[in-house]
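**Q** First the structure, which I've put down as structure tokens, then a few questions once you've had a look.
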Amino acid sequence: MKTRDLLIACPLLALAVACFFVGYRQGWRAQKKESTQFVIRRSLRVLHDAERGDIASITNGCRMYLLGHTRAYETLFGESDIPDSFRASFAEARQIAREVQTNLVVFDPKSLDQ
């Protein structure tokens, strides 16, 4: 009886693990696809702004982009294990990100109730 149960359980477990990895990979690919599409759109916008000579728009766009990537790096990798070759760049990026975040206008839905 136990051998028969194992012959049924093992392939089912293997199938479940395989399905999990296939689903995980599809989710990862979808996220990576959306992220890459965002980068392409953002790069095109900066390029068009550069072609028009709109330096203020380019600067603001790059600063917002830097804010997003700096916060993403902090979330994903933390702040404790920053390689020496990246430390100065990351410190500068964090300073700019703080400035950008300070100047952001925060939407408060409660303000609409007044």
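Simple scheme: letters A, B, ... for chains in structure tokens order, numbers from 1 for residues in each chain, numbers from 1 for ligands in the order shown.
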Would you kindly return, as a PyMOL selection string, each protein, DNA or RNA residue with an atom no farther than 10 Å from any atom of Gly61 (chain A), considering only C-alpha atoms and excluding same-chain residues fewer than 6 positions away?
**A** chain A and resi 42-43+45-46+49+55+67
**Q** Store the residues of this selection in a file with C-alpha atoms, as a PDB file, in the first residue's frame.
**A**
ATOM      1  CA  ARG A  42      10.982  57.021 -20.509  1.00  0.00           C
ATOM      2  CA  SER A  43      14.084  57.029 -22.695  1.00  0.00           C
ATOM      3  CA  ARG A  45      10.526  60.955 -23.757  1.00  0.00           C
ATOM      4  CA  VAL A  46      13.939  62.176 -22.617  1.00  0.00           C
ATOM      5  CA  ASP A  49      12.820  66.544 -24.848  1.00  0.00           C
ATOM      6  CA  ILE A  55      16.650  71.048 -20.607  1.00  0.00           C
ATOM      7  CA  LEU A  67      14.483  58.791  -7.288  1.00  0.00           C
TER       8      LEU A  67
END
**Q** Any idea what's packed within 12 Å of Leu44 (chain A), counting only C-alpha atoms, ignoring anything in its chain fewer than 6 positions away? Could you give it as a PyMOL selection string?
**A** chain A and resi 37-38+50-51+58+61
**Q** Using only C-alpha atoms, which of the listed residues (A:Ile96, A:Leu12, A:Leu6, A:Leu112) sits closest to Tyr65 (chain A)?
**A**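 That would be A:Ile96, the residue with the smallest distance to Tyr65 (chain A).
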**Q** Tell me, as a VMD selection string, which residues lie within 9 Å of region 90-93 of chain A, counting only C-alpha atoms; anything in the same chain fewer than 6 positions away does not count.
**A** chain A and resid 66 to 67 70 82
**Q** Kindly give the distance, in Å, that separates CA of Asn103 (chain A) and CA of Met64 (chain A), rounded to a single decimal.
**A**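 Computing it gives 10.9 Å between the two atoms.
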